[in-house]
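Colleague: Okay, so here is final16.txt, and as you'll see once you scroll down, it has compact mmCIF, C-alpha atoms and all ligand atoms.
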# COMPACT_ATOMS: atom_id res chain seq x y z
CA MET A 1 17.50 -9.33 -16.64
CA ASP A 2 14.00 -8.85 -15.24
CA ARG A 3 12.69 -6.16 -12.97
CA THR A 4 10.07 -6.81 -10.36
CA PHE A 5 8.13 -4.75 -7.87
CA VAL A 6 8.30 -5.47 -4.15
CA ALA A 7 6.37 -3.74 -1.39
CA ILE A 8 7.23 -4.27 2.27
CA LYS A 9 3.76 -3.90 3.77
CA PRO A 10 2.77 -1.83 6.84
CA ASP A 11 2.84 -4.84 9.20
CA ALA A 12 6.49 -5.55 8.38
CA VAL A 13 7.46 -1.90 8.80
CA GLN A 14 5.70 -1.77 12.19
CA ARG A 15 7.32 -5.02 13.30
CA GLY A 16 10.80 -3.80 12.38
CA PHE A 17 11.59 -6.19 9.53
CA ILE A 18 12.57 -3.71 6.80
CA GLY A 19 16.27 -4.51 7.11
CA GLN A 20 15.90 -8.27 7.33
CA ILE A 21 13.67 -8.37 4.25
CA ILE A 22 15.88 -6.15 2.11
CA GLU A 23 18.87 -8.21 3.26
CA ARG A 24 17.39 -11.35 1.68
CA PHE A 25 17.26 -9.73 -1.76
CA GLU A 26 20.79 -8.40 -1.41
CA ARG A 27 22.05 -11.78 -0.23
CA LYS A 28 20.51 -13.45 -3.29
CA GLY A 29 22.48 -11.05 -5.45
CA PHE A 30 19.65 -8.93 -6.76
CA LYS A 31 20.28 -5.31 -7.65
CA ILE A 32 17.99 -2.74 -6.05
CA VAL A 33 17.25 -0.03 -8.62
CA GLY A 34 14.44 1.78 -6.81
CA LEU A 35 13.73 2.19 -3.11
CA LYS A 36 11.53 4.53 -1.10
CA MET A 37 9.28 4.79 1.92
CA LEU A 38 5.82 6.22 1.46
CA LYS A 39 2.41 6.20 3.03
CA PRO A 40 0.27 5.17 0.05
CA THR A 41 -2.79 7.23 -0.77
CA ARG A 42 -6.06 5.36 -1.19
CA GLU A 43 -5.89 6.09 -4.93
CA LEU A 44 -2.43 4.53 -5.20
CA ALA A 45 -3.37 1.43 -3.18
CA GLU A 46 -6.53 0.90 -5.22
CA LYS A 47 -4.59 1.24 -8.46
CA HIS A 48 -1.95 -1.21 -7.28
CA TYR A 49 -4.60 -3.80 -6.33
CA GLU A 50 -7.06 -2.95 -9.13
CA GLU A 51 -7.41 -6.59 -10.22
CA HIS A 52 -9.01 -7.28 -6.81
CA ILE A 53 -11.73 -4.61 -7.13
CA GLY A 54 -15.08 -6.20 -6.24
CA ARG A 55 -13.63 -8.93 -4.00
CA ASP A 56 -15.04 -9.09 -0.47
CA TYR A 57 -11.56 -8.41 0.98
CA PHE A 58 -10.80 -5.41 -1.26
CA GLU A 59 -11.78 -2.66 1.18
CA ARG A 60 -9.93 -4.35 4.06
CA LEU A 61 -6.86 -4.85 1.87
CA VAL A 62 -6.78 -1.20 0.80
CA ALA A 63 -7.37 0.01 4.39
CA PHE A 64 -4.43 -2.15 5.51
CA MET A 65 -2.13 -0.88 2.78
CA ILE A 66 -2.80 2.79 3.61
CA SER A 67 -2.64 2.27 7.39
CA GLY A 68 1.06 3.02 7.61
CA PRO A 69 4.21 3.44 5.63
CA VAL A 70 5.36 0.85 3.12
CA ILE A 71 8.72 0.35 1.47
CA ALA A 72 8.43 0.26 -2.32
CA MET A 73 11.29 -1.40 -4.20
CA VAL A 74 12.30 -2.29 -7.70
CA VAL A 75 14.50 -5.37 -7.77
CA GLU A 76 16.49 -6.42 -10.82
CA GLY A 77 18.22 -9.68 -11.69
CA LYS A 78 18.05 -12.94 -13.55
CA ASN A 79 14.45 -14.23 -13.45
CA ALA A 80 13.72 -11.61 -10.80
CA VAL A 81 9.93 -11.87 -11.13
CA SER A 82 9.68 -15.61 -10.58
CA VAL A 83 12.55 -15.89 -8.11
CA VAL A 84 11.27 -13.04 -5.92
CA ARG A 85 7.81 -14.57 -6.01
CA ARG A 86 9.28 -17.83 -4.72
CA MET A 87 11.25 -15.98 -2.04
CA VAL A 88 8.01 -14.24 -0.98
CA GLY A 89 6.01 -17.50 -0.73
CA SER A 90 2.32 -18.34 -0.97
CA THR A 91 -0.36 -15.81 -0.07
CA LYS A 92 -1.37 -17.78 3.03
CA PRO A 93 1.74 -17.83 5.23
CA HIS A 94 0.83 -21.16 6.84
CA GLU A 95 0.83 -22.78 3.38
CA ALA A 96 4.06 -21.08 2.26
CA GLU A 97 7.25 -23.09 2.03
CA VAL A 98 9.46 -23.04 5.08
CA GLY A 99 12.19 -20.45 4.54
CA THR A 100 10.07 -18.11 2.45
CA ILE A 101 9.57 -14.59 3.75
CA ARG A 102 5.87 -15.11 4.38
CA PHE A 103 6.45 -18.38 6.21
CA ASP A 104 9.27 -16.98 8.29
CA PHE A 105 7.67 -13.68 9.31
CA ALA A 106 3.87 -13.97 9.06
CA GLN A 107 0.88 -16.02 10.13
CA VAL A 108 -2.22 -14.81 8.26
CA LYS A 109 -2.99 -13.75 4.68
CA GLU A 110 -4.46 -10.43 5.87
CA MET A 111 -1.04 -9.43 7.20
CA ASN A 112 1.42 -11.30 5.04
CA ILE A 113 4.34 -8.87 5.22
CA ILE A 114 5.28 -8.41 1.59
CA HIS A 115 4.09 -8.07 -2.00
CA GLY A 116 5.92 -9.33 -5.07
CA SER A 117 4.70 -9.04 -8.68
CA ASP A 118 3.29 -12.24 -10.17
CA SER A 119 4.24 -11.66 -13.84
CA ILE A 120 6.52 -9.52 -15.97
CA GLU A 121 3.51 -7.52 -17.23
CA ASN A 122 2.22 -6.86 -13.72
CA ALA A 123 5.72 -5.96 -12.56
CA LYS A 124 5.92 -3.27 -15.27
CA ARG A 125 2.49 -1.96 -14.35
CA GLU A 126 3.16 -1.92 -10.60
CA ILE A 127 6.58 -0.26 -10.99
CA ASP A 128 4.77 2.40 -12.99
CA VAL A 129 2.15 2.88 -10.27
CA PHE A 130 4.76 3.50 -7.57
CA PHE A 131 7.76 5.05 -9.33
CA ARG A 132 8.45 7.84 -11.76
CA GLU A 133 11.01 6.93 -14.41
CA ASP A 134 13.59 9.34 -12.90
CA GLU A 135 13.33 7.61 -9.51
CA LEU A 136 14.84 4.41 -10.92
CA VAL A 137 18.61 4.35 -10.75
CA ASP A 138 20.79 2.93 -13.49
CA TRP A 139 23.97 1.75 -11.77
CA HIS A 140 26.58 -0.89 -12.32
CA HIS A 141 26.47 -3.72 -9.81
CA ASP A 142 30.10 -4.79 -9.48
CA LEU A 143 28.93 -7.95 -7.71
CA GLU A 144 27.57 -9.26 -11.02
CA LEU A 145 31.09 -10.29 -11.96
CA TRP A 146 30.72 -13.05 -9.37
CA LEU A 147 27.08 -13.87 -10.01
CA TYR A 148 26.54 -14.34 -13.71
CA GLU A 149 28.44 -16.20 -16.38
CA LYS A 150 29.94 -13.86 -18.98
O1 LIG A 201 -0.12 -11.18 -2.68
P1 LIG A 201 -0.47 -12.37 -3.52
O2 LIG A 201 -0.24 -12.14 -5.00
O3 LIG A 201 0.17 -13.62 -3.02
O4 LIG A 201 -2.03 -12.64 -3.30
P2 LIG A 201 -3.31 -12.14 -4.09
O5 LIG A 201 -4.26 -13.28 -4.20
O6 LIG A 201 -2.95 -11.41 -5.34
O7 LIG A 201 -3.96 -11.10 -3.07
C1 LIG A 201 -3.37 -9.86 -2.83
C2 LIG A 201 -3.32 -9.63 -1.34
O8 LIG A 201 -4.64 -9.50 -0.86
C3 LIG A 201 -2.73 -10.77 -0.53
O9 LIG A 201 -1.33 -10.70 -0.41
C4 LIG A 201 -3.43 -10.62 0.81
O10 LIG A 201 -2.71 -9.73 1.64
C5 LIG A 201 -4.75 -10.01 0.45
N1 LIG A 201 -5.87 -10.97 0.49
C6 LIG A 201 -6.67 -11.00 1.62
O11 LIG A 201 -6.43 -10.24 2.55
N2 LIG A 201 -7.72 -11.89 1.68
C7 LIG A 201 -7.96 -12.72 0.67
N3 LIG A 201 -9.00 -13.56 0.75
C8 LIG A 201 -7.14 -12.73 -0.46
C9 LIG A 201 -6.08 -11.84 -0.54
MG MG A 202 -1.23 -11.02 -6.45
Please go through the file and, once you have read it, give me the structure as structure tokens.
Ligand code: CDP
Ligand code: MG
Modeller:
Amino acid sequence: MDRTFVAIKPDAVQRGFIGQIIERFERKGFKIVGLKMLKPTRELAEKHYEEHIGRDYFERLVAFMISGPVIAMVVEGKNAVSVVRRMVGSTKPHEAEVGTIRFDFAQVKEMNIIHGSDSIENAKREIDVFFREDELVDWHHDLELWLYEK
């Protein structure tokens, strides 16, 4: 099982899509092992997006991420990193596949609703940026009986 990091960005929170987005991960059968609302500090947002430091959009991106609350989540399941990434869709919502979260809810890359980690290494790093170890919950997902081959 993989773990990935998901952030529901301030635009989605403001537009009232928290429930609909979380619902998609539950419907897929993923297990949520961490979940919280927070208003990120500048330090946290910069750390999360540190690979983008120096890009012309970096300041705008950080300002957007700290403009309002976000929902931070850790999602666990088979191939969670790659599957969640596919559910999220391409960075530019108009180029994302129909049915992806970004296609279905957003129009521009500057406000594209959601973040999902792009690799197992980045998922580990991003989970670490947002969550303390004791905030992640180890629980048995009874649903797995009907999701995964023994
Ligand atoms: O989020 P994703 O991994 O798909 O895209 P990224 O290339 O890693 O960029 C991170 C985030 O920065 C994107 O989701 C966009 O919200 C934002 N961005 C932007 O506002 N303008 C750009 N030219 C590129 C990225
Ligand atoms: Mg990225």
Colleague: Show me which residues are within 10 Å of ligand MG 202 (chain A) counting all atoms listed in the file, and format the list as a list in words.
Modeller: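 With all atoms listed in the file and a cut-off of 10 Å, ligand MG 202 (chain A) is contacted by His48, Tyr49, Glu51, His52, Arg85, Ser90, Thr91, His115, Gly116, Ser117, Asp118, Ser119 and Asn122 of chain A.
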Colleague: Using all atoms listed in the file, find each protein or nucleic acid residue lying at most 12 Å from ligand LIG 201 (chain A); present the set as a PyMOL selection string.
Modeller: chain A and resi 5-11+45-46+48-65+81-82+84-93+95-96+101-102+106-119+122-123
Colleague: Tell me, in Å to one decimal, how far CA of Phe17 in chain A is from CA of Phe105 in chain A.
Modeller: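 One can read the CA of Phe17 in chain A to CA of Phe105 in chain A distance as 8.5 Å.
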Colleague: Can you tell me how far CA of Gly77 in chain A sits from CA of Met1 in chain A, in Å to one decimal?
Modeller: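 Between these atoms lies a distance of 5.0 Å.
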Colleague: So how many Å separate CA of Arg3 in chain A and CA of Pro40 in chain A, to one decimal?
Modeller: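 Between these atoms lies a distance of 21.3 Å.
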Colleague: Using all atoms listed in the file, can you tell me which of A:Glu97, A:Glu144, A:Glu133, A:Asp104 comes closest to Ala12 in chain A?
Modeller: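 Looking at the shortest contact to Ala12 in chain A, the residue is A:Asp104.
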Colleague: Measuring atom to atom with all atoms listed in the file, identify which of A:Val83, A:Met37, A:Val98, A:Leu143 is nearest to Phe131 in chain A.
Modeller: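 Closest to Phe131 in chain A, using all atoms listed in the file: A:Met37.
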Colleague: So that I can check the surroundings of Val75 in chain A, please list as a list in words every protein, DNA and RNA residue that reaches within 8 Å of it, counting all atoms listed in the file and ignoring chain neighbours fewer than 3 positions away.
Modeller: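 Listed by chain and then number, they are Arg3, Thr4, Phe5, Val6, Phe25, Phe30, Lys31, Ile32, Val33, Gly34 and Ala80 of chain A.
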Colleague: Pick from A:Val70, A:Arg125, A:Glu149, A:Phe103: nearest to Leu35 in chain A, with only C-alpha atoms counted?
Modeller: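 Looking only at the distances to Leu35 in chain A, the closest residue turns out to be A:Val70.
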Colleague: Measuring atom to atom with all atoms listed in the file, identify which of A:Asp134, A:Asp128, A:Leu147, A:His140 is nearest to Leu44 in chain A.
Modeller: A:Asp128
Colleague: Could you check the closest approach to Leu38 in chain A for each of A:Tyr148, A:Met73, A:Ile120, A:Asp142 and tell me which residue wins, using all atoms listed in the file?
Modeller: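 Closest candidate: A:Met73.
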